[in-house]
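Visitor: Take a look at the following structure, please.
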Amino acid sequence: MWERFSYYGMRALLIFYLTQHWLYNDEKASVIYGAYTALVYIAPVLGGYLADKYLGQRKAVLFGAVLLTIGHFLMAFEGDAGAGHTANPMINVFWAALAFIIVGSGFLKANISVIVGQLYPRTDVRRDGAYTIFYMGINVGAAVGTIIAGYLGQTYGWAYGFGAAGIGMLLGLVVFIVFKPLLMGKGESSVPEKLEAPYMGMKFEWFLYIVGFAAVAVTWWLVQNQAVVGSILGVFGLALVAYVIWEAIKIGGHDRDRIFAAMFLIIGSILFWALFEQAGSSLNLFTDRYVDRQGVSASIFQSINPIYIIALAPLFAGLWTWLGKKGLEPSTPAKFGLAMIQLGAGFLVLVIGANSVGMANMTPVIFVFLIYLLHTTGELCLSPVGLSAMNRLAPAHMASLIMGTWFFASATGNFVAGLIAAATGSEAASGEGASKETVLAVYNQIGWIAVGVGVGVIVISPLIKKLMHLDTLKDEDIDHELLGHAELGEPQAGGIHPATKPQG
């Protein structure tokens with residue numbers, strides 16, 4: 001929750017902070033903003049890999065929370081207001097703050113989702129519902145962060161907005177440490193002896209933390225050289241997909257097919273996020289320029305989506321569990337198809353609403369609430385379900401890497417979202433933006449594309465479901481050697497704990 005509080009608080013304030021405090025022009029500020037959001041979603045690949053291989057998810061989350069806390073408190077150091085980035089040496093502290101937040105998110109993001117999955121057996125029908133509830137908690141942070149951090153930052157000063165997120169992360173860190181026993185030994189390292197072994201004059205675990213700080217230094221450079229980020233996104237993305245597929249081929253059997261199914265869902269999610277993430281760019285600007293907002297600031301509409309999720313997530317959680325018990329639950333790929341159809345329908349509803357009152361008139365605000373409603377119901381059919389699917393389909397030794405790949409797809413989607421927003425012309429450097437007709441023409445086109453893709457995914461969903469081999473999916477047998485170490489809090493194979501069992 002607090003990680004999302006910090007991310008959406010940053011999303012609400014960062015573009016204004018760059019233009020009003022650091023005095024960047026709109027074009028440069030948008031490039032920095034894009035590099036930041038992309039890197040936030042790339043970083044989980046590193047955090048997921050180190051957690052899978054050595055650290056375990058719990059220690060990775062702990063380290064990530066520490067980095068996030070440091071990053072947000074660094075944001076409180078502004079230097080001379082109005083001096084601009086060329087005359088303010090504190091700009092380097094700002095870059096460092098972004099780097100700490102990016103790498104901290106990388107260690108926390110993928111691994112917290114994996115821990116949630118480890119609390120349930122792979123065949124438990126409650127998993128999708130549990131991830132939906134976890135997702136609701138995430139969106140409490142998103143809604144509250146957008147409102148509180150944005151309000152404090154622009155009303156009382158930047159340090160108050162960014163500092164609020166820092167205090168929240170600190171509280172979250174304390175809770176995670178104090179309530180460790182509730183994890184029932186999940187998320188621990190699979191090679192604890194390796195962490196204790198000496199390496200370069202220190203424990204290997206401490207060496208891994210130094211690697212994390214080295215990643216902060218590299219990110220500090222990357223976030224200042226935004227053009228490099230786009231190149232890395234393309235090259236590293238192709239390499240990551242190739243590596244996962246190669247590993248799948250080596251594994252063979254049903255696990256190979258399940259990884260292929262996961263990759264289909266991951267690639268499909270790129271298109272979903274590319275369209276969904278218009279919310280913070282072109283849709284936000286459309287709301288500002290062409291919607292009858294009745295005096296309400298356009299930025300406040302960014303809180304509609306997480307508020308909808310908080311309200312609707314329990315209903316979806318109950319729906320999936322109820323349908324699952326009756327054997328009527330749609331398959332995961334079918335849910336993805338439904339998500340795409342609802343996403344496209346949202347854009348088409350806005351286009352119809354704008355056309356109904358004529359191009360010369362402001363669009364009624366009800367159609368903004370409707371597009372966010374349809375996008376939110378689509379999101380609830382894809383995002384929490386996708387998190388659950390990644391954990392279910394991935395072999396245990398690749399769990400965090402697959403989850404990291406899922407988040408990398410979100411980074412790619414955010415990048416493509418910028419290209420689509422540019423196509424609308426809404427982010428023109430002149431500040432004039434495109435005509436209402438141009439924006440609606442793009443929305444009409446991407447709306448129908450999304451609906452068409454969604455129908456196609458539903459048609460082939462039985463084939464993808466076959467690749468998932470749900471009939472042979474089972475919780476792995478408990479390794480008796482691991483059981484002997486249960487008192488040390490080590491993880492049990494297949495996510496089963498010898499104690500009585502009661503994500504995100």
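Letters A, B, ... go to the chains of the structure tokens in the order shown; residues in each chain start at 1; ligands are counted from 1 in the same order.
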Using DSSP on the backbone coordinates, identify the residues of segment 184-401 of chain A assigned to helix (DSSP H, G or I); present them as a PyMOL selection string.
Guide: chain A and resi 192-196+204-222+226-251+253-280+282-290+298-325+332-357+366-393+396-401
Visitor: Any idea what's packed within 12 Å of Gln278 of chain A, counting only C-alpha atoms, ignoring anything in its chain fewer than 3 positions away? Could you give it as a ChimeraX atom specification?
Guide: /A:271-275,281-287,302,343,346-347,371-372,375,413-424,426-427,439,442-443,446
Visitor: To one decimal place, how far is atom CA of Cys381 of chain A from atom CA of Ala339 of chain A in Å?
Guide: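 Here the two named atoms are 5.3 Å from each other.
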Visitor: Enumerate the residues of segment 270-412 of chain A with a DSSP assignment of strand (DSSP E or B), computed from the backbone, and present them as a ChimeraX atom specification.
Guide: /A:291-292,363-364
Visitor: Counting only C-alpha atoms, what is within 8 Å of Ile259 of chain A, bar same-chain residues fewer than 5 positions away, as an NGL selection string?
Guide: :A and (244-245 or 248 or 393-394)
Visitor: Neighbours of segment 66-70 of chain A within 9 Å (only C-alpha atoms; same-chain residues fewer than 6 positions away dropped), as a ChimeraX atom specification?
Guide: /A:3,6,97,100-105,107-108,165-170,173,213
Visitor: Between A:Ser299, A:Thr438, A:Gln224, A:Ser383, which is the closest to Phe276 of chain A once you count only C-alpha atoms?
Guide: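 The shortest atom-to-atom distance to Phe276 of chain A comes from A:Ser383.
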Visitor: If we count only C-alpha atoms, what is near segment 131-135 of chain A at a cut-off of 10 Å, once residues fewer than 6 positions away on the same chain are taken out, given as a PyMOL selection string?
Guide: chain A and resi 1+113+116-117+306+309-310+312-318+320+380-381+383-389+503-504
Visitor: Please provide as a PDB file with all heavy atoms, in the first residue's frame all residues within 8 Å of Tyr41 of chain A, with the sequence filter that same-chain residues fewer than 5 positions apart are discarded (counting only C-alpha atoms).
Guide:
ATOM      1  N   GLY A 106      12.040  -1.712  -7.307  1.00  0.00           N
ATOM      2  CA  GLY A 106      12.453  -2.940  -7.970  1.00  0.00           C
ATOM      3  C   GLY A 106      12.587  -4.112  -7.013  1.00  0.00           C
ATOM      4  O   GLY A 106      12.219  -5.241  -7.345  1.00  0.00           O
ATOM      5  N   PHE A 407       6.063  -7.230 -14.725  1.00  0.00           N
ATOM      6  CA  PHE A 407       6.177  -5.794 -14.489  1.00  0.00           C
ATOM      7  C   PHE A 407       6.970  -5.100 -15.591  1.00  0.00           C
ATOM      8  O   PHE A 407       6.736  -3.927 -15.899  1.00  0.00           O
ATOM      9  CB  PHE A 407       6.812  -5.530 -13.115  1.00  0.00           C
ATOM     10  CG  PHE A 407       5.881  -5.786 -11.971  1.00  0.00           C
ATOM     11  CD1 PHE A 407       6.135  -6.792 -11.049  1.00  0.00           C
ATOM     12  CD2 PHE A 407       4.723  -5.041 -11.815  1.00  0.00           C
ATOM     13  CE1 PHE A 407       5.271  -7.038  -9.996  1.00  0.00           C
ATOM     14  CE2 PHE A 407       3.843  -5.273 -10.769  1.00  0.00           C
ATOM     15  CZ  PHE A 407       4.119  -6.275  -9.851  1.00  0.00           C
ATOM     16  N   PHE A 408       7.921  -5.804 -16.198  1.00  0.00           N
ATOM     17  CA  PHE A 408       8.655  -5.233 -17.332  1.00  0.00           C
ATOM     18  C   PHE A 408       7.698  -4.945 -18.485  1.00  0.00           C
ATOM     19  O   PHE A 408       7.858  -3.955 -19.206  1.00  0.00           O
ATOM     20  CB  PHE A 408       9.764  -6.186 -17.783  1.00  0.00           C
ATOM     21  CG  PHE A 408      10.701  -5.587 -18.791  1.00  0.00           C
ATOM     22  CD1 PHE A 408      11.821  -4.883 -18.375  1.00  0.00           C
ATOM     23  CD2 PHE A 408      10.460  -5.703 -20.145  1.00  0.00           C
ATOM     24  CE1 PHE A 408      12.682  -4.316 -19.300  1.00  0.00           C
ATOM     25  CE2 PHE A 408      11.302  -5.141 -21.081  1.00  0.00           C
ATOM     26  CZ  PHE A 408      12.427  -4.449 -20.651  1.00  0.00           C
ATOM     27  N   ALA A 409       6.703  -5.808 -18.653  1.00  0.00           N
ATOM     28  CA  ALA A 409       5.686  -5.564 -19.682  1.00  0.00           C
ATOM     29  C   ALA A 409       4.936  -4.268 -19.387  1.00  0.00           C
ATOM     30  O   ALA A 409       4.549  -3.533 -20.304  1.00  0.00           O
ATOM     31  CB  ALA A 409       4.712  -6.738 -19.757  1.00  0.00           C
ATOM     32  N   SER A 410       4.734  -3.964 -18.105  1.00  0.00           N
ATOM     33  CA  SER A 410       4.094  -2.699 -17.737  1.00  0.00           C
ATOM     34  C   SER A 410       4.970  -1.520 -18.135  1.00  0.00           C
ATOM     35  O   SER A 410       4.473  -0.474 -18.572  1.00  0.00           O
ATOM     36  CB  SER A 410       3.828  -2.657 -16.226  1.00  0.00           C
ATOM     37  OG  SER A 410       2.908  -3.656 -15.850  1.00  0.00           O
ATOM     38  N   ALA A 411       6.305  -1.675 -17.993  1.00  0.00           N
ATOM     39  CA  ALA A 411       7.226  -0.618 -18.413  1.00  0.00           C
ATOM     40  C   ALA A 411       7.111  -0.384 -19.913  1.00  0.00           C
ATOM     41  O   ALA A 411       7.044   0.756 -20.383  1.00  0.00           O
ATOM     42  CB  ALA A 411       8.663  -0.992 -18.044  1.00  0.00           C
TER      43      ALA A 411
END
Visitor: Which neighbours of Asp255 of chain A fall inside 12 Å, counting only C-alpha atoms, when residues of the same chain fewer than 3 positions from it are skipped, and could you give them as a PyMOL selection string?
Guide: chain A and resi 244-245+247-252+258-262+392-399+467-470+472-474
Visitor: Given the choices A:Leu195, A:Ala60, A:Val459, A:Ala164, which gets closest to Leu152 of chain A if the distance is worked out from only C-alpha atoms?
Guide: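 Ranking A:Leu195, A:Ala60, A:Val459, A:Ala164 by distance to Leu152 of chain A, first place goes to A:Ala164.
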Visitor: Report, in Å to a single decimal, how far apart atom CA of Leu23 of chain A and atom CA of Gly161 of chain A are.
Guide: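 Separating atom CA of Gly161 of chain A from atom CA of Leu23 of chain A is a distance of 18.4 Å.
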Visitor: Have a look at A:Leu183, A:Leu74, A:Ile464, A:Leu39 and name the one nearest to Phe162 of chain A; count only C-alpha atoms.
Guide: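 Result for the nearest residue to Phe162 of chain A: A:Leu74.
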Visitor: Give me, please, the distance in Å between atom CA of Val357 of chain A and atom CA of Ser303 of chain A, quoted to one decimal.
Guide: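 That distance, rounded to one decimal, is 25.9 Å.
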